[in-house]
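**Student:** Dumping the structure here so I can ask a few things about it.
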Amino acid sequence: MIIQLNGEAHSCHDSLSLAQLVAQLGFTGKRLAVELNEEIRPSDSYSLIKLKDGDHVEIVQAIGGGQAEKNPHKEQNNSLIIAGKSYSSRLLVGTGKYKDLAETQAAIECSGAEIVTVAIRRTNIGQNVDEPNLLDVIPPEKYTILPNTAGCYTAQEALRTCRLARELLGGHSLVKLEVLGDEKTLFPDITATLEATDVLVKEGFDVMVYTNDDPVIAKRLEEMGCVAVMPLAAPIGSGLGIRNPYNILTIIENANVPIIVDAGVGTASDAAVGMELGCEGILMNTAIAHAKDPVLMASAMKKAVQAGREAYLAGRMPRRRYASASSPIDGLI
């Protein structure tokens with residue numbers, strides 16, 4: 001005889017019971033529901049029901065409310081690697097603009113950051129023997145100290161600051177280079193940045209470089225030997241978030257070194273967006289230090305960076321103009 005099974009013709013022998021059909025299909029013991037000729041039949045009656053030619057049988061089960069799609073991203077290393085050293089945190093933080101060193105210490109600890117920037121010319125190091133030392137609250141034994149050439153407007157100023165930092169930190173070669181173009185925008189002076197980069201790389205520094213969101217310049221800096229390229233999201237301290245995500249994305253796609261968004265992050269969602277684009281990390285200072293509760297914001301930023309990274313690795317669903325049903329249509333009764 002021929003029955004209609006889940007909408008398709010199915011041949012079976014005469015006097016087949018519903019229980020036998022379920023067994024033939026390999027569903028014995030499975031959680032399912034059976035409808036015979038548009039009437040739902042309880043499972044304890046399956047052995048008593050004999051099928052007849054022309055019967056319509058629907059067998060349904062619960063499935064996931066959606067269809068899986070291939071992850072476009074390959075599995076990535078879960079560690080941030082800078083100049084050959086591995087870090088579990090992808091959040092880098094600064095030390096300026098806090099009300100005091102106690103707040104600085106608390107916020108940095110709550111952020112989970114392992115790399116901490118220090119603007120050599122702006123810290124209290126060596127200013128007064130009675131004042132607490134910044135390196136006491138962010139000890140080099142616990143953190144990777146990243147000397148920063150913040151406030152430098154010429155290549156020579158930046159070079160001098162990096163050399164002083166190396167002396168101060170006992171031969172430390174990792175530096176964050178930024179050469180600013182003007183006081184109003186604090187945009188990078190690219191010509192001076194390239195000049196300073198060339199000298200620092202030749203002198204054996206591991207250069208993490210602040211630049212604009214120009215993919216051509218970012219690639220040039222990588223080719224010159226920078227260990228990380230750090231395009232701005234928006235002007236330093238502006239909190240405007242990522243203004244040109246497609247430029248950042250292009251930089252990431254062309255890069256063979258870590259791309260770390262630097263400057264312009266305002267809140268946790270900005271950090272998450274940067275990580276979802278595929279950035280290797282986020283560097284921030286003002287977004288935490290100028291929050292109403294810096295310590296709580298540091299915690300939020302830590303979670304945002306982690307969530308953004310996981311979302312990037314998971315691979316977001318494609319954007320669609322129209323609705324797409326969460327449950328698949330195949331098997332619909």
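We name chains A, B, ... following the order of the structure tokens; residues begin at 1 in each chain, and ligands are numbered from 1 as shown.
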Can you list every residue in range 46-258 of chain A that DSSP puts in helix (DSSP H, G or I), as a PyMOL selection string?
**Tutor:** chain A and resi 46-48+101-111+120-122+134-137+155-168+190-202+215-223+245-254
**Student:** Which residues are close to Ile236 in chain A, i.e. within 12 Å by only C-alpha atoms, leaving aside same-chain residues fewer than 3 positions away? Reply as number ranges by chain.
**Tutor:** A: 150-151, 178, 180, 182-188, 210-212, 231-233, 239-242, 261-266, 283-287
**Student:** When you look at Ile108 in chain A with a cut-off of 12 Å (counting only C-alpha atoms), what residues show up, excluding the ones that are within fewer than 6 positions of it in the same chain? I need them as a PDB file with all heavy atoms, in the first residue's frame.
**Tutor:**
ATOM      1  N   SER A  89      44.619  39.644  27.859  1.00  0.00           N
ATOM      2  CA  SER A  89      43.696  40.777  27.740  1.00  0.00           C
ATOM      3  C   SER A  89      43.953  41.540  26.448  1.00  0.00           C
ATOM      4  O   SER A  89      45.102  41.786  26.074  1.00  0.00           O
ATOM      5  CB  SER A  89      43.862  41.727  28.929  1.00  0.00           C
ATOM      6  OG  SER A  89      43.076  42.893  28.740  1.00  0.00           O
ATOM      7  N   LEU A  91      42.480  44.539  26.067  1.00  0.00           N
ATOM      8  CA  LEU A  91      42.217  45.920  26.440  1.00  0.00           C
ATOM      9  C   LEU A  91      43.506  46.547  26.963  1.00  0.00           C
ATOM     10  O   LEU A  91      44.105  46.050  27.913  1.00  0.00           O
ATOM     11  CB  LEU A  91      41.127  45.987  27.512  1.00  0.00           C
ATOM     12  CG  LEU A  91      40.810  47.363  28.091  1.00  0.00           C
ATOM     13  CD1 LEU A  91      40.361  48.333  27.001  1.00  0.00           C
ATOM     14  CD2 LEU A  91      39.755  47.251  29.183  1.00  0.00           C
ATOM     15  N   LEU A  92      43.937  47.639  26.332  1.00  0.00           N
ATOM     16  CA  LEU A  92      45.110  48.391  26.755  1.00  0.00           C
ATOM     17  C   LEU A  92      44.608  49.713  27.327  1.00  0.00           C
ATOM     18  O   LEU A  92      43.694  50.332  26.760  1.00  0.00           O
ATOM     19  CB  LEU A  92      46.060  48.659  25.587  1.00  0.00           C
ATOM     20  CG  LEU A  92      46.761  47.467  24.920  1.00  0.00           C
ATOM     21  CD1 LEU A  92      45.799  46.610  24.099  1.00  0.00           C
ATOM     22  CD2 LEU A  92      47.879  47.959  24.008  1.00  0.00           C
ATOM     23  N   VAL A  93      45.181  50.155  28.425  1.00  0.00           N
ATOM     24  CA  VAL A  93      44.671  51.361  29.061  1.00  0.00           C
ATOM     25  C   VAL A  93      45.789  52.352  29.364  1.00  0.00           C
ATOM     26  O   VAL A  93      46.952  51.985  29.500  1.00  0.00           O
ATOM     27  CB  VAL A  93      43.902  51.030  30.364  1.00  0.00           C
ATOM     28  CG1 VAL A  93      42.676  50.187  30.070  1.00  0.00           C
ATOM     29  CG2 VAL A  93      44.806  50.324  31.367  1.00  0.00           C
ATOM     30  N   GLY A  94      45.376  53.618  29.492  1.00  0.00           N
ATOM     31  CA  GLY A  94      46.297  54.686  29.846  1.00  0.00           C
ATOM     32  C   GLY A  94      46.221  55.014  31.319  1.00  0.00           C
ATOM     33  O   GLY A  94      45.386  54.473  32.065  1.00  0.00           O
ATOM     34  N   THR A  95      47.073  55.939  31.737  1.00  0.00           N
ATOM     35  CA  THR A  95      47.180  56.273  33.161  1.00  0.00           C
ATOM     36  C   THR A  95      46.892  57.738  33.450  1.00  0.00           C
ATOM     37  O   THR A  95      47.004  58.180  34.589  1.00  0.00           O
ATOM     38  CB  THR A  95      48.590  55.941  33.665  1.00  0.00           C
ATOM     39  OG1 THR A  95      49.551  56.588  32.816  1.00  0.00           O
ATOM     40  CG2 THR A  95      48.840  54.446  33.653  1.00  0.00           C
ATOM     41  N   GLY A  96      46.524  58.510  32.435  1.00  0.00           N
ATOM     42  CA  GLY A  96      46.301  59.939  32.642  1.00  0.00           C
ATOM     43  C   GLY A  96      44.866  60.266  33.006  1.00  0.00           C
ATOM     44  O   GLY A  96      43.957  59.443  32.875  1.00  0.00           O
ATOM     45  N   TYR A  98      43.120  60.649  35.685  1.00  0.00           N
ATOM     46  CA  TYR A  98      42.417  60.188  36.890  1.00  0.00           C
ATOM     47  C   TYR A  98      42.597  61.219  37.996  1.00  0.00           C
ATOM     48  O   TYR A  98      43.530  62.020  37.991  1.00  0.00           O
ATOM     49  CB  TYR A  98      42.969  58.844  37.347  1.00  0.00           C
ATOM     50  CG  TYR A  98      42.622  57.702  36.415  1.00  0.00           C
ATOM     51  CD1 TYR A  98      43.535  57.253  35.446  1.00  0.00           C
ATOM     52  CD2 TYR A  98      41.393  57.063  36.490  1.00  0.00           C
ATOM     53  CE1 TYR A  98      43.225  56.209  34.594  1.00  0.00           C
ATOM     54  CE2 TYR A  98      41.071  56.013  35.641  1.00  0.00           C
ATOM     55  CZ  TYR A  98      41.992  55.600  34.694  1.00  0.00           C
ATOM     56  OH  TYR A  98      41.674  54.567  33.848  1.00  0.00           O
ATOM     57  N   LEU A 101      46.218  58.625  42.166  1.00  0.00           N
ATOM     58  CA  LEU A 101      46.818  57.339  41.844  1.00  0.00           C
ATOM     59  C   LEU A 101      46.007  56.159  42.379  1.00  0.00           C
ATOM     60  O   LEU A 101      46.046  55.070  41.806  1.00  0.00           O
ATOM     61  CB  LEU A 101      48.247  57.278  42.387  1.00  0.00           C
ATOM     62  CG  LEU A 101      49.281  58.123  41.631  1.00  0.00           C
ATOM     63  CD1 LEU A 101      50.659  57.955  42.248  1.00  0.00           C
ATOM     64  CD2 LEU A 101      49.311  57.754  40.157  1.00  0.00           C
ATOM     65  N   ALA A 102      45.272  56.377  43.457  1.00  0.00           N
ATOM     66  CA  ALA A 102      44.440  55.300  43.992  1.00  0.00           C
ATOM     67  C   ALA A 102      43.355  54.912  42.982  1.00  0.00           C
ATOM     68  O   ALA A 102      43.077  53.725  42.757  1.00  0.00           O
ATOM     69  CB  ALA A 102      43.816  55.728  45.315  1.00  0.00           C
ATOM     70  N   GLU A 114      46.738  44.292  30.734  1.00  0.00           N
ATOM     71  CA  GLU A 114      48.102  43.861  31.023  1.00  0.00           C
ATOM     72  C   GLU A 114      49.136  44.809  30.426  1.00  0.00           C
ATOM     73  O   GLU A 114      50.298  44.792  30.826  1.00  0.00           O
ATOM     74  CB  GLU A 114      48.323  42.454  30.481  1.00  0.00           C
ATOM     75  CG  GLU A 114      47.449  41.401  31.130  1.00  0.00           C
ATOM     76  CD  GLU A 114      47.468  40.083  30.387  1.00  0.00           C
ATOM     77  OE1 GLU A 114      46.811  39.995  29.323  1.00  0.00           O
ATOM     78  OE2 GLU A 114      48.154  39.158  30.847  1.00  0.00           O
ATOM     79  N   ILE A 115      48.705  45.613  29.469  1.00  0.00           N
ATOM     80  CA  ILE A 115      49.571  46.628  28.867  1.00  0.00           C
ATOM     81  C   ILE A 115      49.041  47.995  29.265  1.00  0.00           C
ATOM     82  O   ILE A 115      47.866  48.307  29.038  1.00  0.00           O
ATOM     83  CB  ILE A 115      49.611  46.504  27.328  1.00  0.00           C
ATOM     84  CG1 ILE A 115      50.109  45.119  26.918  1.00  0.00           C
ATOM     85  CG2 ILE A 115      50.494  47.585  26.717  1.00  0.00           C
ATOM     86  CD1 ILE A 115      50.098  44.880  25.414  1.00  0.00           C
ATOM     87  N   VAL A 116      49.902  48.811  29.861  1.00  0.00           N
ATOM     88  CA  VAL A 116      49.492  50.106  30.399  1.00  0.00           C
ATOM     89  C   VAL A 116      50.409  51.191  29.844  1.00  0.00           C
ATOM     90  O   VAL A 116      51.629  51.095  29.960  1.00  0.00           O
ATOM     91  CB  VAL A 116      49.546  50.106  31.936  1.00  0.00           C
ATOM     92  CG1 VAL A 116      49.095  51.448  32.490  1.00  0.00           C
ATOM     93  CG2 VAL A 116      48.682  48.980  32.509  1.00  0.00           C
ATOM     94  N   THR A 117      49.819  52.220  29.250  1.00  0.00           N
ATOM     95  CA  THR A 117      50.629  53.292  28.671  1.00  0.00           C
ATOM     96  C   THR A 117      50.996  54.333  29.719  1.00  0.00           C
ATOM     97  O   THR A 117      50.212  54.634  30.622  1.00  0.00           O
ATOM     98  CB  THR A 117      49.896  53.996  27.511  1.00  0.00           C
ATOM     99  OG1 THR A 117      48.753  54.680  28.013  1.00  0.00           O
ATOM    100  CG2 THR A 117      49.477  52.998  26.450  1.00  0.00           C
ATOM    101  N   VAL A 137      52.180  51.809  41.682  1.00  0.00           N
ATOM    102  CA  VAL A 137      50.804  51.324  41.553  1.00  0.00           C
ATOM    103  C   VAL A 137      50.597  50.515  40.274  1.00  0.00           C
ATOM    104  O   VAL A 137      49.622  49.772  40.158  1.00  0.00           O
ATOM    105  CB  VAL A 137      49.778  52.481  41.631  1.00  0.00           C
ATOM    106  CG1 VAL A 137      49.885  53.192  42.966  1.00  0.00           C
ATOM    107  CG2 VAL A 137      49.945  53.455  40.490  1.00  0.00           C
ATOM    108  N   ILE A 138      51.478  50.685  39.311  1.00  0.00           N
ATOM    109  CA  ILE A 138      51.468  49.826  38.115  1.00  0.00           C
ATOM    110  C   ILE A 138      52.874  49.253  37.937  1.00  0.00           C
ATOM    111  O   ILE A 138      53.593  49.627  37.016  1.00  0.00           O
ATOM    112  CB  ILE A 138      50.998  50.583  36.849  1.00  0.00           C
ATOM    113  CG1 ILE A 138      51.757  51.905  36.678  1.00  0.00           C
ATOM    114  CG2 ILE A 138      49.516  50.799  36.855  1.00  0.00           C
ATOM    115  CD1 ILE A 138      51.579  52.501  35.285  1.00  0.00           C
ATOM    116  N   PRO A 139      53.282  48.355  38.803  1.00  0.00           N
ATOM    117  CA  PRO A 139      54.652  47.851  38.791  1.00  0.00           C
ATOM    118  C   PRO A 139      54.995  47.095  37.502  1.00  0.00           C
ATOM    119  O   PRO A 139      54.172  46.311  36.999  1.00  0.00           O
ATOM    120  CB  PRO A 139      54.690  46.915  40.001  1.00  0.00           C
ATOM    121  CG  PRO A 139      53.271  46.521  40.213  1.00  0.00           C
ATOM    122  CD  PRO A 139      52.458  47.711  39.844  1.00  0.00           C
ATOM    123  N   LYS A 142      54.299  43.417  37.141  1.00  0.00           N
ATOM    124  CA  LYS A 142      52.932  42.945  36.925  1.00  0.00           C
ATOM    125  C   LYS A 142      52.388  43.344  35.561  1.00  0.00           C
ATOM    126  O   LYS A 142      51.607  42.595  34.963  1.00  0.00           O
ATOM    127  CB  LYS A 142      52.028  43.508  38.033  1.00  0.00           C
ATOM    128  CG  LYS A 142      50.573  43.072  37.939  1.00  0.00           C
ATOM    129  CD  LYS A 142      49.751  43.610  39.105  1.00  0.00           C
ATOM    130  CE  LYS A 142      48.299  43.172  39.032  1.00  0.00           C
ATOM    131  NZ  LYS A 142      47.487  43.695  40.160  1.00  0.00           N
ATOM    132  N   TYR A 143      52.767  44.519  35.084  1.00  0.00           N
ATOM    133  CA  TYR A 143      52.235  45.043  33.826  1.00  0.00           C
ATOM    134  C   TYR A 143      53.360  45.260  32.808  1.00  0.00           C
ATOM    135  O   TYR A 143      54.511  45.489  33.191  1.00  0.00           O
ATOM    136  CB  TYR A 143      51.535  46.386  34.058  1.00  0.00           C
ATOM    137  CG  TYR A 143      50.361  46.326  35.001  1.00  0.00           C
ATOM    138  CD1 TYR A 143      50.503  46.695  36.338  1.00  0.00           C
ATOM    139  CD2 TYR A 143      49.112  45.912  34.568  1.00  0.00           C
ATOM    140  CE1 TYR A 143      49.430  46.651  37.218  1.00  0.00           C
ATOM    141  CE2 TYR A 143      48.033  45.867  35.436  1.00  0.00           C
ATOM    142  CZ  TYR A 143      48.194  46.232  36.763  1.00  0.00           C
ATOM    143  OH  TYR A 143      47.124  46.188  37.625  1.00  0.00           O
ATOM    144  N   MET A 284      42.534  52.686  25.332  1.00  0.00           N
ATOM    145  CA  MET A 284      41.722  53.827  25.752  1.00  0.00           C
ATOM    146  C   MET A 284      42.234  54.393  27.057  1.00  0.00           C
ATOM    147  O   MET A 284      42.890  53.714  27.845  1.00  0.00           O
ATOM    148  CB  MET A 284      40.259  53.418  25.901  1.00  0.00           C
ATOM    149  CG  MET A 284      40.004  52.413  27.012  1.00  0.00           C
ATOM    150  SD  MET A 284      38.283  51.890  27.116  1.00  0.00           S
ATOM    151  CE  MET A 284      38.142  50.855  25.668  1.00  0.00           C
ATOM    152  N   ASN A 285      41.914  55.656  27.281  1.00  0.00           N
ATOM    153  CA  ASN A 285      42.232  56.308  28.549  1.00  0.00           C
ATOM    154  C   ASN A 285      41.042  57.159  29.009  1.00  0.00           C
ATOM    155  O   ASN A 285      40.409  56.890  30.019  1.00  0.00           O
ATOM    156  CB  ASN A 285      43.491  57.142  28.403  1.00  0.00           C
ATOM    157  CG  ASN A 285      43.943  57.787  29.704  1.00  0.00           C
ATOM    158  OD1 ASN A 285      44.891  58.547  29.721  1.00  0.00           O
ATOM    159  ND2 ASN A 285      43.307  57.502  30.827  1.00  0.00           N
ATOM    160  N   ILE A 288      37.567  55.788  30.165  1.00  0.00           N
ATOM    161  CA  ILE A 288      37.499  55.245  31.518  1.00  0.00           C
ATOM    162  C   ILE A 288      37.704  56.345  32.549  1.00  0.00           C
ATOM    163  O   ILE A 288      36.896  56.524  33.471  1.00  0.00           O
ATOM    164  CB  ILE A 288      38.536  54.123  31.715  1.00  0.00           C
ATOM    165  CG1 ILE A 288      38.220  52.937  30.805  1.00  0.00           C
ATOM    166  CG2 ILE A 288      38.580  53.682  33.170  1.00  0.00           C
ATOM    167  CD1 ILE A 288      39.244  51.819  30.847  1.00  0.00           C
ATOM    168  N   ALA A 289      38.774  57.114  32.399  1.00  0.00           N
ATOM    169  CA  ALA A 289      39.158  58.098  33.417  1.00  0.00           C
ATOM    170  C   ALA A 289      38.124  59.203  33.593  1.00  0.00           C
ATOM    171  O   ALA A 289      37.968  59.742  34.689  1.00  0.00           O
ATOM    172  CB  ALA A 289      40.509  58.701  33.069  1.00  0.00           C
ATOM    173  N   PRO A 294      34.851  55.721  37.106  1.00  0.00           N
ATOM    174  CA  PRO A 294      35.905  55.118  36.281  1.00  0.00           C
ATOM    175  C   PRO A 294      36.108  53.625  36.527  1.00  0.00           C
ATOM    176  O   PRO A 294      36.353  52.870  35.577  1.00  0.00           O
ATOM    177  CB  PRO A 294      37.156  55.918  36.666  1.00  0.00           C
ATOM    178  CG  PRO A 294      36.626  57.240  37.116  1.00  0.00           C
ATOM    179  CD  PRO A 294      35.350  56.909  37.829  1.00  0.00           C
ATOM    180  N   VAL A 295      36.015  53.213  37.770  1.00  0.00           N
ATOM    181  CA  VAL A 295      36.249  51.801  38.072  1.00  0.00           C
ATOM    182  C   VAL A 295      35.155  50.924  37.458  1.00  0.00           C
ATOM    183  O   VAL A 295      35.431  49.882  36.861  1.00  0.00           O
ATOM    184  CB  VAL A 295      36.343  51.574  39.597  1.00  0.00           C
ATOM    185  CG1 VAL A 295      36.524  50.094  39.914  1.00  0.00           C
ATOM    186  CG2 VAL A 295      37.507  52.385  40.179  1.00  0.00           C
ATOM    187  N   LEU A 296      33.925  51.360  37.566  1.00  0.00           N
ATOM    188  CA  LEU A 296      32.816  50.611  36.963  1.00  0.00           C
ATOM    189  C   LEU A 296      32.927  50.613  35.445  1.00  0.00           C
ATOM    190  O   LEU A 296      32.664  49.599  34.790  1.00  0.00           O
ATOM    191  CB  LEU A 296      31.479  51.206  37.402  1.00  0.00           C
ATOM    192  CG  LEU A 296      30.217  50.449  36.960  1.00  0.00           C
ATOM    193  CD1 LEU A 296      30.234  49.015  37.473  1.00  0.00           C
ATOM    194  CD2 LEU A 296      28.963  51.178  37.436  1.00  0.00           C
ATOM    195  N   MET A 297      33.323  51.752  34.865  1.00  0.00           N
ATOM    196  CA  MET A 297      33.496  51.810  33.416  1.00  0.00           C
ATOM    197  C   MET A 297      34.630  50.899  32.965  1.00  0.00           C
ATOM    198  O   MET A 297      34.554  50.265  31.893  1.00  0.00           O
ATOM    199  CB  MET A 297      33.753  53.243  32.955  1.00  0.00           C
ATOM    200  CG  MET A 297      33.865  53.386  31.439  1.00  0.00           C
ATOM    201  SD  MET A 297      32.366  52.894  30.534  1.00  0.00           S
ATOM    202  CE  MET A 297      31.347  54.367  30.770  1.00  0.00           C
ATOM    203  N   ALA A 298      35.687  50.802  33.750  1.00  0.00           N
ATOM    204  CA  ALA A 298      36.783  49.891  33.413  1.00  0.00           C
ATOM    205  C   ALA A 298      36.281  48.458  33.324  1.00  0.00           C
ATOM    206  O   ALA A 298      36.656  47.691  32.427  1.00  0.00           O
ATOM    207  CB  ALA A 298      37.895  50.010  34.448  1.00  0.00           C
ATOM    208  N   SER A 299      35.404  48.087  34.253  1.00  0.00           N
ATOM    209  CA  SER A 299      34.805  46.755  34.232  1.00  0.00           C
ATOM    210  C   SER A 299      33.953  46.565  32.977  1.00  0.00           C
ATOM    211  O   SER A 299      33.991  45.504  32.334  1.00  0.00           O
ATOM    212  CB  SER A 299      33.951  46.558  35.485  1.00  0.00           C
ATOM    213  OG  SER A 299      33.258  45.323  35.443  1.00  0.00           O
ATOM    214  N   MET A 301      34.288  48.086  30.099  1.00  0.00           N
ATOM    215  CA  MET A 301      35.159  48.010  28.927  1.00  0.00           C
ATOM    216  C   MET A 301      35.803  46.631  28.799  1.00  0.00           C
ATOM    217  O   MET A 301      35.964  46.100  27.698  1.00  0.00           O
ATOM    218  CB  MET A 301      36.229  49.090  29.002  1.00  0.00           C
ATOM    219  CG  MET A 301      35.699  50.498  28.831  1.00  0.00           C
ATOM    220  SD  MET A 301      34.877  50.743  27.230  1.00  0.00           S
ATOM    221  CE  MET A 301      34.615  52.532  27.270  1.00  0.00           C
ATOM    222  N   LYS A 302      36.180  46.066  29.910  1.00  0.00           N
ATOM    223  CA  LYS A 302      36.756  44.712  29.895  1.00  0.00           C
ATOM    224  C   LYS A 302      35.773  43.730  29.267  1.00  0.00           C
ATOM    225  O   LYS A 302      36.136  42.934  28.391  1.00  0.00           O
ATOM    226  CB  LYS A 302      37.093  44.289  31.326  1.00  0.00           C
ATOM    227  CG  LYS A 302      37.570  42.847  31.461  1.00  0.00           C
ATOM    228  CD  LYS A 302      37.822  42.496  32.922  1.00  0.00           C
ATOM    229  CE  LYS A 302      38.257  41.036  33.069  1.00  0.00           C
ATOM    230  NZ  LYS A 302      38.527  40.686  34.483  1.00  0.00           N
TER     231      LYS A 302
END
**Student:** Neighbouring residues of Val34 in chain A were defined as those with any atom within 8 Å, considering only C-alpha atoms; residues of the same chain fewer than 5 positions away were excluded. Please report them as a PyMOL selection string.
**Tutor:** chain A and resi 40-43+57-60
**Student:** Can you pull out the residues contacting His13 in chain A? Cut-off 12 Å, using only C-alpha atoms, and skip same-chain residues under 6 positions away; I want them as a PDB file with N, CA and C atoms, in the first residue's frame.
**Tutor:**
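Once everything was written out, this is result.pdb:
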ATOM      1  N   MET A   1       0.843  -1.195   0.000  1.00  0.00           N
ATOM      2  CA  MET A   1       0.000   0.000   0.000  1.00  0.00           C
ATOM      3  C   MET A   1       0.882   1.250   0.000  1.00  0.00           C
ATOM      4  N   ILE A   2       0.246   2.374  -0.360  1.00  0.00           N
ATOM      5  CA  ILE A   2       0.945   3.649  -0.418  1.00  0.00           C
ATOM      6  C   ILE A   2       0.291   4.609   0.576  1.00  0.00           C
ATOM      7  N   ILE A   3       1.115   5.169   1.447  1.00  0.00           N
ATOM      8  CA  ILE A   3       0.617   6.206   2.355  1.00  0.00           C
ATOM      9  C   ILE A   3       1.358   7.500   2.036  1.00  0.00           C
ATOM     10  N   GLN A  20       5.057   0.130  14.165  1.00  0.00           N
ATOM     11  CA  GLN A  20       6.023  -0.496  13.265  1.00  0.00           C
ATOM     12  C   GLN A  20       6.625   0.521  12.305  1.00  0.00           C
ATOM     13  N   LEU A  21       5.797   1.453  11.829  1.00  0.00           N
ATOM     14  CA  LEU A  21       6.295   2.498  10.931  1.00  0.00           C
ATOM     15  C   LEU A  21       7.333   3.367  11.661  1.00  0.00           C
ATOM     16  N   GLN A  24      10.509   1.384  11.894  1.00  0.00           N
ATOM     17  CA  GLN A  24      11.209   1.305  10.611  1.00  0.00           C
ATOM     18  C   GLN A  24      11.975   2.592  10.311  1.00  0.00           C
ATOM     19  N   LYS A  50      -3.654   0.373  12.901  1.00  0.00           N
ATOM     20  CA  LYS A  50      -3.220  -0.219  11.644  1.00  0.00           C
ATOM     21  C   LYS A  50      -3.396   0.800  10.522  1.00  0.00           C
ATOM     22  N   LEU A  51      -2.354   0.970   9.757  1.00  0.00           N
ATOM     23  CA  LEU A  51      -2.407   1.930   8.657  1.00  0.00           C
ATOM     24  C   LEU A  51      -3.151   1.346   7.471  1.00  0.00           C
ATOM     25  N   LYS A  52      -3.771   2.225   6.680  1.00  0.00           N
ATOM     26  CA  LYS A  52      -4.519   1.821   5.491  1.00  0.00           C
ATOM     27  C   LYS A  52      -3.986   2.583   4.288  1.00  0.00           C
ATOM     28  N   ASP A  53      -4.212   2.016   3.139  1.00  0.00           N
ATOM     29  CA  ASP A  53      -3.774   2.658   1.904  1.00  0.00           C
ATOM     30  C   ASP A  53      -4.364   4.060   1.809  1.00  0.00           C
TER      31      ASP A  53
END
**Student:** Which parts of range 125-326 of chain A does DSSP call strand (DSSP E) when run on the backbone here, written out as a PyMOL selection string?
**Tutor:** chain A and resi 144-148+174-177+206-211+228-231+260-262+281-284
**Student:** Could you name the residues that touch Tyr46 in chain A at 7 Å or less, counting only C-alpha atoms, but leaving out those on the same chain fewer than 3 positions away, as a list in words?
**Tutor:** Ser17, Leu18, Ala19, Ser43 and Ile49 of chain A
**Student:** Go ahead and save the picked residues with C-alpha atoms, as a PDB file, in the first residue's frame.
**Tutor:**
ATOM      1  CA  SER A  17       0.966  -0.583  12.529  1.00  0.00           C
ATOM      2  CA  LEU A  18       1.869   2.997  13.387  1.00  0.00           C
ATOM      3  CA  ALA A  19       4.359   1.659  15.943  1.00  0.00           C
ATOM      4  CA  SER A  43       2.069   7.494  21.685  1.00  0.00           C
ATOM      5  CA  ILE A  49      -3.383   1.576  15.004  1.00  0.00           C
TER       6      ILE A  49
END
**Student:** Counting only C-alpha atoms, which of A:Leu249, A:Ala155, A:Val229, A:Val118 gets nearest to Val199 in chain A?
**Tutor:**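 Smallest distance to Val199 in chain A is found for A:Ala155.
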**Student:** Using only C-alpha atoms, determine which residues lie at most 8 Å from Leu277 in chain A, disregarding the query and same-chain residues fewer than 5 positions distant; provide the list as a ChimeraX atom specification.
**Tutor:** /A:245,248-249,312
**Student:** In Å, rounded to a single decimal, give me how far CA of Leu200 in chain A is from CA of Met224 in chain A.
**Tutor:**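 Taking CA of Met224 in chain A and CA of Leu200 in chain A, their separation equals 10.2 Å.
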**Student:** Which value, in Å to one decimal, gives the distance between CA of Phe27 in chain A and CA of Ser326 in chain A?
**Tutor:** 25.4 Å
